[in-house]
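Notes to accompany the following structure.
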Amino acid sequence: MTSAVTISLNVNGERIEADVPPRLNLSDFLRDHLKLTGTHVGCEHGVCGACTVRVNGEIVRSCLMLAVQTQDRSVETIEGLSDSGEIADLQAAFRERNALQCGFCTPGMLMAAQDLLKHSSQPDREQIREHLSGNYCRCTGYQAIVDAIETTARARAGRLP
Amino acid sequence: MTSERVNAEMLSALDRPNSYIGKTVARPNLDRLMQGRGLYVSDIELPRMVHVVFLRSPHAHAKIRGIDASAARHMPGVVAVVAGQELAAVITPWVGVLSHLKGLKSAPQSAIAIDRVCWQGEAVAAVVAASRAQAEDAAEHVSVEYEELDAVTDMHTALDPSTPVIHASLGDNLAFERNHDAGNVDQALADSDEVIEAEFVFGRHTGVTLEPRAVVADWNAAEARLTIYQGTQAPHMVQNIAALHLGLKESQVRVVCKDVGGSFGIKVHIYADEMATYALAKLLRRPVKFVADRVESFNTDIHARDHHCKGRIGVKRDGTITAFEIDDLTGIGPYSMYPRTSAIEANQVVNLVGGPYMTRNYRARARVVFQNKNVMCQYRAVGHPIACSVTEGLVDLAAMRLGMDPIEIRRRNLIADDAYPCVSPSGLRFEQLSHHSALAKLVKMMDYEALRAEQAILRAKNIHRGIGIASFIEVTNPSAAFYGVGGAKISSQDGVAVRLDAQGSVICQTSITEQGQGSESLTAQIVGSVLGVSMDRVRVILGDTDNTPYGGGTWASRGAGIGGEAALQATKVLRRNILDVAAAILQSTAGELDIVSNSVVNVVDGAPRIELSELARIVYFRPDTLPPGVQPELMATRHFVPREYPFAFTNGVQASWLEVDTETGFVRLLKHWVVEDCGTIINPQLVDEQIRGGVVQGLGAALFEKCVYDERGQLTNANMADYLVPMSGEMPDIDVGHVVSPTLETELGAKGAGEAGTAGAAAAVTNAVNDALRPFGVTITEIPLTPQVVLTALGSI
C-alpha cells in the first residue's frame with residue numbers, strides 16, 4: 001500500500017496534523033481518525049448527502065473527497081456549526097417542526113439548508129425543495145424540513161414566520 | 001368525532017391540568033441528533049474491536065466448489081477468514097416457519113453459506129481485520145470456485161414441473177398457499193350487472209434506511225456474556241434468537257440499541273450476516289463490527305412486495321359491490337426470513353382485500369414461491385399497499401364502467417360508521433372504524449368539486465390531471481395473534497417501569513424502542529401528564545435488554561398503543577404511591593391530594609402542599625421521620641397487551657392530485673391528502689409526520705422504487721444512483737386530517753399510525769393516473785409508474 005501522507009488542515013477551528021493513507025476519504029478521516037461521528041455515511045457514492053460538510057465554506061460530499069485534498073483547507077462539520085451557534089436558529093426551527101425522525105440525514109440536511117440560506121435570503125418552497133434534492137431523507141417526506149427552512153429564512157429576513 | 005369516552009378514570013388520568021396528551025411538544029432527543037452527537041451503531045468503537053467484511057456470492061445459484069483464503073490470511077491486519085462450515089461450529093442454522101401459517105415451509109439457512117449459495121449477495125466467507133479497509137483488501141484475495149446452477153427467477157414459472165426445485169428436500173418451490181372463501185362469490189358474480197377483471201403488478205422494492213444495517217457484537221469470555229449493539233426494532237427478539245442459536249441462555253445476551261438511522265421494518269428481522277457477526281465475536285473472543293455498505297444493503301436488506309395479483313369485482317348497476325376475488329402470487333427469495341417468516345405479506349393481502357367494504361362475498365388465493373433472489377419479508381405496511389391498490393383499483397374500474405363518480409361508489413359501499421363492531425369477510429374484527437366520516441372530511445379538505453372543475457378546464461387545454469381516491473384499513477397494536485401463537489418468541493406485550501428519583505425527577509424505562517417515530521416523546525408525554533410533572537423532568541430509557549422491562553419493541557404500529565398504555569398504567573400506580581406517602585407526611589388522605597406541576601396540592605383549592613423534590617428527599621434520606629409502617633414505593637411497573645381484539649384496526653382515506661405528461665410519460669405529483677383515524681392522538685405533530693413520511697414511502701413505490709433483476713438473478717441497480725427514491729424536489733405537500741375513534745380496549749385509546757401513509761399512497765396515485773388518462777381509454781395497474789410504463793400503456797413506445 002502507498003505510504004501515509006502528512007496533512008495539515010483546520011477542522012472546526014482547530015489545527016489538525018495527521019498521517020493518512022492517500023486513499024482515505026474525508027468522511028472516514030473525520031469519523032474514524034478525528035471521531036467526529038456527526039458526519040454520516042449513507043451511500044459512499046455521493047448520492048445521499050448524509051456526509052455533507054463544508055470545505056473552505058463550500059458544501060461537499062465528504063465521501064467523494066480524499067482527506068489529502070484538504071491540505072491547508074478549512075473543514076467544518078455539524079459539530080463545528082453547532083458549537084459556533086451559526087445554525088442555532090435553523091436547529092430550533094427543525095426542533096419545533098419535528099423536521100427529523102431518525103436524524104441520520106439531519107447533519108447533512110442542516111449543512112445543505114444553511115448553504116441555501118447563505119446564498120439566497122428568501123428562497124421559496126420550490127427553491128428549497130430543489131436545493132435539498134441531493135439530500136435524501138427516508139423518514140419525514142421532506143415537508144417538515146421545507147417548512148423549517150422556510151421559517152428560518154423568513155426569520156432571518158426580519159419577518160415573522 | 002365518532003366516539004365519546006365516558007370513562008371517568010380516564011378523565012382523571014389523562015385530562016389533567018397541564019396534560020401533554022393531544023398537544024404538540026418537541027421531542028426531547030432532537031438536539032443530540034441535530035448536533036451530530038447521537039450514537040448510531042456505526043459510531044460505536046470498543047477496545048480490541050475488529051471489523052468484518054463478508055465476501056458475497058456473485059451468482060444467484062451456485063455450488064461452492066472450494067474456498068482458498070491462504071493469500072488473504074497473510075494480508076495486513078487480517079485476524080481471520082472464516083467460511084460457513086467453521087462458523088457452523090459456533091452457531092446453529094434456522095428455519096423461518098411459524099405454526100399458525102399452515103403449510104409454510106422453508107429450508108435450513110446458515111449464517112454463512114455452506115456448499116451452496118442461493119442468491120446473489122449471500123455471504124460465503126467472513127474476512128475479519130483490524131480495519132474495514134484492510135478486510136476489504138483481503139476479501140479481494142479470497143478465491144472461491146463456483147459451479148453455477150440454474151437460477152429460478154420468474155415467479156410465474158417457479159411451480160412449473162420443468163423448473164428446478166431450489167431445495168430438493170422441500171419437494172417443490174411452493175413456500176406457502178392460503179385459500180379463503182366467504183359468502184357465495186360465484187352466485188354474486190353471476191348476479192352482477194358488471195364483472196371487471198384486472199391484473200395488478202407490484203415492483204420488488206426495499207427500505208433503503210439511510211443508515212445501513214449495523215452490529216457490534218462483543219463476547220466477554222470471562223463473563224461468558226455477549227453484548228450486541230444493534231440498530232434493531234426488537235431488542236428482546238434479538239436477545240432470544242442470538243441466545244438460541246449460539247447455545248447461550250438469554251441471560252448471557254444483552255442487546256443495546258441506541259440511535260437507529262431508519263428502520264421501516266428493515267431492522268425488525270435477524271439477518272444471516274448479523275448472526276455471523278454474533279458468532280464471530282464468540283469465536284474470536286473479541287468485539288466484531290459489521291456495517292453493511294450500500295451495495296450490500298440493496299443485495300441483502302429484505303426486499304418487499306413483488307406481487308402479481310389478479311382481481312375481480314362484481315357490481316350492480318346502482319354501484320353496489322357484490323363480490324371481490326383475488327389470486328395473488330409472490331416470490332420471496334430462497335428462504336423464508338427468520339424469525340417472522342416471509343408468508344406474512346401474502347397472508348395480509350388475503351386478510352385486507354375488500355376490508356373497507358360491506359360485501360360479504362370474498363374469495364382469495366395467495367401463493368408464495370421460492371426464487372433465487374434476495375429474501376423478501378415484512379417492510380412498512382406489510383401487505384397493505386398490495387391489498388389497497390387491488391381493492392381500490394377494482395373499485396375505480398367498476399365506477400368507470402358504470403360511469404359513476406369514485407366518491408359516490410365508495411359512499412354506497414363503505415361499511416357504515418354505526419355498523420361496528422363487525423367482522424370482515426376475511427374474518428377481521430373491527431371495533432370502530434370511520435370510513436364515511438373520513439371520506440366526508442377528505443372531500444371537504446381537497447375541495448373535490450372545485451378540483452373536478454379545474455380538471456375539466458385543463459383537459460380542454462390538453463393538460464391531463466387526475467384525482468385518485470383510496471380508502472384503506474390498517475393493522476395496528478398486534479396481540480399475540482401475529483407471531484406468538486405461531487411459536488415465535490416475539491413478545492406482543494410491553495412493559496414500563498417508572499420511578500421518582502431523589503430530586504423529584506422521573507426515570508422511565510420502557511420496552512418499546514425509538515427509531516425516530518417519537519417513542520421517547522410520547523412516553524414522556526404520558527408519564528408527565530398522568531403523574532403531574534413537567535416533561536423536562538421525565539427521562540426515558542429504552543433499547544437495552546438489561547435495563548428495560550421485557551417487551552416487543554416498536555413495529556407494526558404498536559409503540560403508542562401498547563407501550564403507551566403500559567406507561568399510563570405504571571404511572572397511575574406511581575401516582576397513587578406518591579399520594580399515599582404525601583398523605584402520611586401531610587397527615588391528610590390520598591383522596592384529598594393531587595399532583596400538579598411537580599408539587600402535591602390540595603384537590604379542593606389547588607394550594608401547594610409539598611414539592612415532589614421535598615417528598616423524595618424525605619423518602620430517600622429521612623425515612624426515619626415517616627410514620628411507623630409507611631414503606632414508600634416510588635417505583636412502579638406495569639405491562640400491557642391487547643387481549644380483546646387481535647389487532648386494533650384503523651382506517652383512513654387518501655387522495656392524490658397529479659398531472660401526467662403524455663409526451664414524456666412523467667407523472668408530476670401536485671398535492672396529496674390523507675384523513676386517518678388512529679384513535680386518541682398523543683402528539684398531533686408526531687402523528688402527522690408519521691403519516692407524511694409513510695405517504696412518501698408509498699409514493700416512492702408508486703413512481704420510482706424497484707429492484708431490477710435480470711433473468712439470471714442479478715440485481716442490476718444495487719446502488720443509490722440507479723435505484724431511485726423520492727427526493728424533495730418531486731414530492732408534494734401533504735395535508736393531513738383526522739377522525740378520532742379511540743379504542744375502548746385501553747384507557748389511552750391510542751391506535752397506531754405508522755403504516756397508514758404507506759398503505760394507501762400508491763393506490764391513490766395509480767387511480768389518479770388512470771383518471772388523468774381517461775380520455776385515452778387506457779388503464780394502468782402496474783407500479784412503479786415509470787415513464788416507460790406510462791408511455792407503453794399509451795402506445796407511444
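Chain labels run A, B, ... following the order of the C-alpha cells; each chain numbers its residues from 1, and ligands are numbered from 1 in the order shown.
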Quick check for you: according to DSSP on this backbone, which residues of range 39-142 of chain B are classed as alpha helix (DSSP H)? Reply as a ChimeraX atom specification. /B:70-73,84-87,132-139
Would you save the residues from that selection as an mmCIF file, in the first residue's frame, using N, CA and C atoms?
data_model
loop_
_atom_site.group_PDB
_atom_site.id
_atom_site.type_symbol
_atom_site.label_atom_id
_atom_site.label_comp_id
_atom_site.auth_asym_id
_atom_site.auth_seq_id
_atom_site.Cartn_x
_atom_site.Cartn_y
_atom_site.Cartn_z
ATOM 1 N N SER B 70 -5.825 -18.648 1.641
ATOM 2 C CA SER B 70 -4.443 -18.626 2.161
ATOM 3 C C SER B 70 -3.764 -17.285 1.915
ATOM 4 N N ALA B 71 -3.981 -16.711 0.737
ATOM 5 C CA ALA B 71 -3.344 -15.414 0.453
ATOM 6 C C ALA B 71 -3.945 -14.323 1.328
ATOM 7 N N ALA B 72 -5.258 -14.376 1.472
ATOM 8 C CA ALA B 72 -5.943 -13.334 2.252
ATOM 9 C C ALA B 72 -5.484 -13.336 3.702
ATOM 10 N N ARG B 73 -5.220 -14.551 4.241
ATOM 11 C CA ARG B 73 -4.833 -14.638 5.656
ATOM 12 C C ARG B 73 -3.515 -13.929 5.940
ATOM 13 N N GLY B 84 -18.336 -20.995 6.003
ATOM 14 C CA GLY B 84 -19.588 -21.439 6.609
ATOM 15 C C GLY B 84 -19.441 -22.601 7.573
ATOM 16 N N GLN B 85 -18.688 -23.634 7.156
ATOM 17 C CA GLN B 85 -18.572 -24.831 7.981
ATOM 18 C C GLN B 85 -17.920 -24.526 9.324
ATOM 19 N N GLU B 86 -16.889 -23.695 9.285
ATOM 20 C CA GLU B 86 -16.172 -23.350 10.520
ATOM 21 C C GLU B 86 -17.085 -22.567 11.479
ATOM 22 N N LEU B 87 -17.877 -21.673 10.907
ATOM 23 C CA LEU B 87 -18.765 -20.882 11.758
ATOM 24 C C LEU B 87 -19.916 -21.728 12.303
ATOM 25 N N ARG B 132 -11.848 -1.885 8.467
ATOM 26 C CA ARG B 132 -12.735 -2.312 7.385
ATOM 27 C C ARG B 132 -11.982 -2.302 6.055
ATOM 28 N N ALA B 133 -11.159 -1.287 5.847
ATOM 29 C CA ALA B 133 -10.416 -1.199 4.579
ATOM 30 C C ALA B 133 -9.506 -2.408 4.410
ATOM 31 N N GLN B 134 -8.848 -2.808 5.490
ATOM 32 C CA GLN B 134 -7.956 -3.976 5.399
ATOM 33 C C GLN B 134 -8.754 -5.244 5.125
ATOM 34 N N ALA B 135 -9.914 -5.351 5.736
ATOM 35 C CA ALA B 135 -10.748 -6.528 5.485
ATOM 36 C C ALA B 135 -11.213 -6.557 4.034
ATOM 37 N N GLU B 136 -11.551 -5.392 3.501
ATOM 38 C CA GLU B 136 -11.968 -5.334 2.093
ATOM 39 C C GLU B 136 -10.809 -5.695 1.171
ATOM 40 N N ASP B 137 -9.619 -5.197 1.504
ATOM 41 C CA ASP B 137 -8.441 -5.548 0.693
ATOM 42 C C ASP B 137 -8.248 -7.063 0.674
ATOM 43 N N ALA B 138 -8.335 -7.661 1.846
ATOM 44 C CA ALA B 138 -8.088 -9.097 1.950
ATOM 45 C C ALA B 138 -9.175 -9.907 1.246
ATOM 46 N N ALA B 139 -10.414 -9.423 1.326
ATOM 47 C CA ALA B 139 -11.526 -10.149 0.689
ATOM 48 C C ALA B 139 -11.277 -10.316 -0.808
#
Which residues in range 438-474 of chain B does DSSP call strand (DSSP E or B)? List them as a compact mmCIF listing (two decimals) with N, CA and C atoms, in the first residue's frame.
# COMPACT_ATOMS: atom_id res chain seq x y z
N HIS B 464 -53.38 17.01 -18.69
CA HIS B 464 -54.08 15.84 -18.17
C HIS B 464 -53.78 15.63 -16.69
N ARG B 465 -54.73 16.11 -15.91
CA ARG B 465 -54.60 15.93 -14.45
C ARG B 465 -55.63 14.92 -13.98
N GLY B 466 -55.28 14.26 -12.88
CA GLY B 466 -56.19 13.23 -12.37
C GLY B 466 -56.34 13.30 -10.87
N ILE B 467 -57.48 12.83 -10.41
CA ILE B 467 -57.75 12.70 -8.97
C ILE B 467 -57.87 11.22 -8.66
N GLY B 468 -57.17 10.78 -7.63
CA GLY B 468 -57.27 9.38 -7.22
C GLY B 468 -57.64 9.28 -5.75
N ILE B 469 -58.57 8.39 -5.45
CA ILE B 469 -59.05 8.21 -4.07
C ILE B 469 -58.71 6.78 -3.64
N ALA B 470 -58.32 6.62 -2.39
CA ALA B 470 -58.08 5.27 -1.87
C ALA B 470 -58.45 5.19 -0.40
N SER B 471 -59.48 4.42 -0.11
CA SER B 471 -59.82 4.12 1.29
C SER B 471 -58.99 2.92 1.73
N PHE B 472 -58.69 2.86 3.01
CA PHE B 472 -57.86 1.74 3.47
C PHE B 472 -58.16 1.41 4.92
N ILE B 473 -57.77 0.20 5.30
CA ILE B 473 -57.73 -0.18 6.71
C ILE B 473 -56.28 -0.50 7.05
N GLU B 474 -55.96 -0.41 8.33
CA GLU B 474 -54.57 -0.57 8.76
C GLU B 474 -54.52 -1.44 10.02
Proximity of chain B to chain A: per-residue shortest pair, 7 Å limit, only C-alpha atoms, as a tab-separated table:
residue	atom	partner	partner_atom	distance
B:Ala26	CA	A:Glu96	CA	5.9
B:Leu30	CA	A:Arg95	CA	6.4
B:Leu33	CA	A:Gly103	CA	5.4
B:Met34	CA	A:Pro107	CA	6.1
B:Gln35	CA	A:Ser82	CA	5.7
B:Gly36	CA	A:Gly38	CA	3.6
B:Arg37	CA	A:Gly38	CA	6.0
B:Asp43	CA	A:Thr37	CA	6.1
B:Thr209	CA	A:Arg138	CA	6.7
B:Leu210	CA	A:Gly42	CA	5.3
B:Glu211	CA	A:Gly42	CA	5.6
B:Pro212	CA	A:Gly42	CA	7.0
B:Val260	CA	A:Cys102	CA	6.3
B:Gly261	CA	A:Phe104	CA	5.1
B:Gly262	CA	A:Cys102	CA	5.5
B:Arg294	CA	A:Cys43	CA	5.2
B:Gln515	CA	A:Cys102	CA	5.4
B:Gly516	CA	A:Gln101	CA	3.9
B:Gln517	CA	A:Gln101	CA	6.1
B:Glu689	CA	A:Thr140	CA	6.2
B:Arg692	CA	A:Gly141	CA	5.6
B:Gly693	CA	A:Gly141	CA	4.3
B:Val696	CA	A:Gly141	CA	5.1
B:Met720	CA	A:Val47	CA	6.3
B:Ala721	CA	A:Val47	CA	6.3
B:Met727	CA	A:Ser133	CA	5.3
B:Ser728	CA	A:Arg129	CA	5.0
B:Gly729	CA	A:Arg129	CA	4.5
B:Asp733	CA	A:Gln143	CA	6.1
Neighbours of range 244-256 of chain B within 7 Å (only C-alpha atoms; same-chain residues fewer than 6 positions away dropped), as a list in words?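 Counting only C-alpha atoms, the residues come to Val90, Ile91, Thr92, Ala224, Arg225, Leu226, Thr227, Ile228, Tyr229, Gln230, Pro235, Ala279, Gly543, Asp544, Thr545 and Asp546 of chain B.
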If you keep N, CA and C atoms, can you produce a file of those selected residues as an mmCIF file, in the first residue's frame?
data_model
loop_
_atom_site.group_PDB
_atom_site.id
_atom_site.type_symbol
_atom_site.label_atom_id
_atom_site.label_comp_id
_atom_site.auth_asym_id
_atom_site.auth_seq_id
_atom_site.Cartn_x
_atom_site.Cartn_y
_atom_site.Cartn_z
ATOM 1 N N VAL B 90 -20.126 -22.809 15.836
ATOM 2 C CA VAL B 90 -20.478 -21.840 16.876
ATOM 3 C C VAL B 90 -21.960 -21.500 16.865
ATOM 4 N N ILE B 91 -22.561 -21.547 15.676
ATOM 5 C CA ILE B 91 -23.953 -21.096 15.571
ATOM 6 C C ILE B 91 -24.756 -22.080 14.730
ATOM 7 N N THR B 92 -25.958 -22.385 15.195
ATOM 8 C CA THR B 92 -26.779 -23.379 14.501
ATOM 9 C C THR B 92 -27.624 -22.726 13.407
ATOM 10 N N ALA B 224 -18.600 -14.796 30.150
ATOM 11 C CA ALA B 224 -19.412 -15.667 29.298
ATOM 12 C C ALA B 224 -20.687 -14.938 28.891
ATOM 13 N N ARG B 225 -20.497 -13.738 28.394
ATOM 14 C CA ARG B 225 -21.649 -12.892 28.093
ATOM 15 C C ARG B 225 -21.417 -12.150 26.774
ATOM 16 N N LEU B 226 -22.457 -12.114 25.978
ATOM 17 C CA LEU B 226 -22.403 -11.444 24.682
ATOM 18 C C LEU B 226 -23.217 -10.162 24.749
ATOM 19 N N THR B 227 -22.573 -9.037 24.408
ATOM 20 C CA THR B 227 -23.313 -7.779 24.296
ATOM 21 C C THR B 227 -23.415 -7.430 22.818
ATOM 22 N N ILE B 228 -24.640 -7.255 22.380
ATOM 23 C CA ILE B 228 -24.888 -6.944 20.970
ATOM 24 C C ILE B 228 -25.391 -5.509 20.880
ATOM 25 N N TYR B 229 -24.633 -4.663 20.210
ATOM 26 C CA TYR B 229 -25.095 -3.313 19.913
ATOM 27 C C TYR B 229 -25.663 -3.366 18.499
ATOM 28 N N GLN B 230 -26.932 -3.137 18.367
ATOM 29 C CA GLN B 230 -27.538 -3.302 17.055
ATOM 30 C C GLN B 230 -28.667 -2.300 16.863
ATOM 31 N N PRO B 235 -35.269 -5.443 20.467
ATOM 32 C CA PRO B 235 -34.082 -5.945 21.184
ATOM 33 C C PRO B 235 -34.288 -7.305 21.860
ATOM 34 N N ALA B 279 -21.636 -14.689 16.023
ATOM 35 C CA ALA B 279 -20.848 -15.925 16.137
ATOM 36 C C ALA B 279 -19.356 -15.645 16.056
ATOM 37 N N GLY B 543 -34.306 0.614 24.713
ATOM 38 C CA GLY B 543 -33.307 -0.029 23.874
ATOM 39 C C GLY B 543 -32.173 -0.696 24.635
ATOM 40 N N ASP B 544 -32.459 -1.431 25.701
ATOM 41 C CA ASP B 544 -31.403 -2.126 26.439
ATOM 42 C C ASP B 544 -32.052 -3.276 27.218
ATOM 43 N N THR B 545 -31.765 -4.498 26.819
ATOM 44 C CA THR B 545 -32.441 -5.634 27.458
ATOM 45 C C THR B 545 -32.051 -5.794 28.914
ATOM 46 N N ASP B 546 -30.908 -5.235 29.335
ATOM 47 C CA ASP B 546 -30.532 -5.296 30.749
ATOM 48 C C ASP B 546 -31.290 -4.274 31.583
#
Give me, as a list of chain:residue names, all polymer residues having an atom no more than 7 Å from Gly528 in chain B, counting only C-alpha atoms and skipping those fewer than 6 positions away in the same chain.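 Close residues of Gly528 in chain B: B:Ser534, B:Met535, B:Val538.
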Store the residues picked out above, limited to C-alpha atoms, as a short mmCIF file (atom, residue, chain, number, x, y, z; two decimals), in the first residue's frame.
data_model
loop_
_atom_site.label_atom_id
_atom_site.label_comp_id
_atom_site.auth_asym_id
_atom_site.auth_seq_id
_atom_site.Cartn_x
_atom_site.Cartn_y
_atom_site.Cartn_z
CA SER B 534 -43.34 18.61 33.61
CA MET B 535 -41.90 16.69 30.68
CA VAL B 538 -39.05 12.81 32.74
#
Could you name the residues that touch Lys267 in chain B at 7 Å or less, counting only C-alpha atoms, but leaving out those on the same chain fewer than 2 positions away, as a ChimeraX atom specification? /B:231-233,263,265,269
For the selection just defined, write its residues with C-alpha atoms to a file, as a PDB file, in the first residue's frame.
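As written to disk, again-v9.pdb reads:
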ATOM      1  CA  GLY B 231     -29.887  -0.918  15.315  1.00  0.00           C
ATOM      2  CA  THR B 232     -32.986  -3.036  15.835  1.00  0.00           C
ATOM      3  CA  GLN B 233     -36.680  -2.516  16.386  1.00  0.00           C
ATOM      4  CA  SER B 263     -35.842   1.103  10.157  1.00  0.00           C
ATOM      5  CA  GLY B 265     -39.336  -2.918   9.061  1.00  0.00           C
ATOM      6  CA  HIS B 269     -35.567  -9.091  11.260  1.00  0.00           C
TER       7      HIS B 269
END
Have a look at CA of Ser8 in chain A and CA of Leu26 in chain A and let me know their distance in Å, one decimal.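 Taking CA of Ser8 in chain A and CA of Leu26 in chain A, their separation equals 13.2 Å.
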Residues near Arg61 in chain A, anyone? I mean within 6 Å using only C-alpha atoms, not counting same-chain ones fewer than 2 positions away, as a list of chain:residue names.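 My list of contacting residues is A:Cys51, A:Thr52, A:Cys63, A:Leu64.
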Can you tell me which residues surround Ala590 in chain B at a distance of at most 8 Å, considering only C-alpha atoms, apart from same-chain residues fewer than 5 positions away, and format the answer as a PyMOL selection string? chain B and resi 576+579-580+582-583
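Across the model, the gap from CA of Asn361 in chain B to CA of Asp191 in chain B is 12.0 Å.
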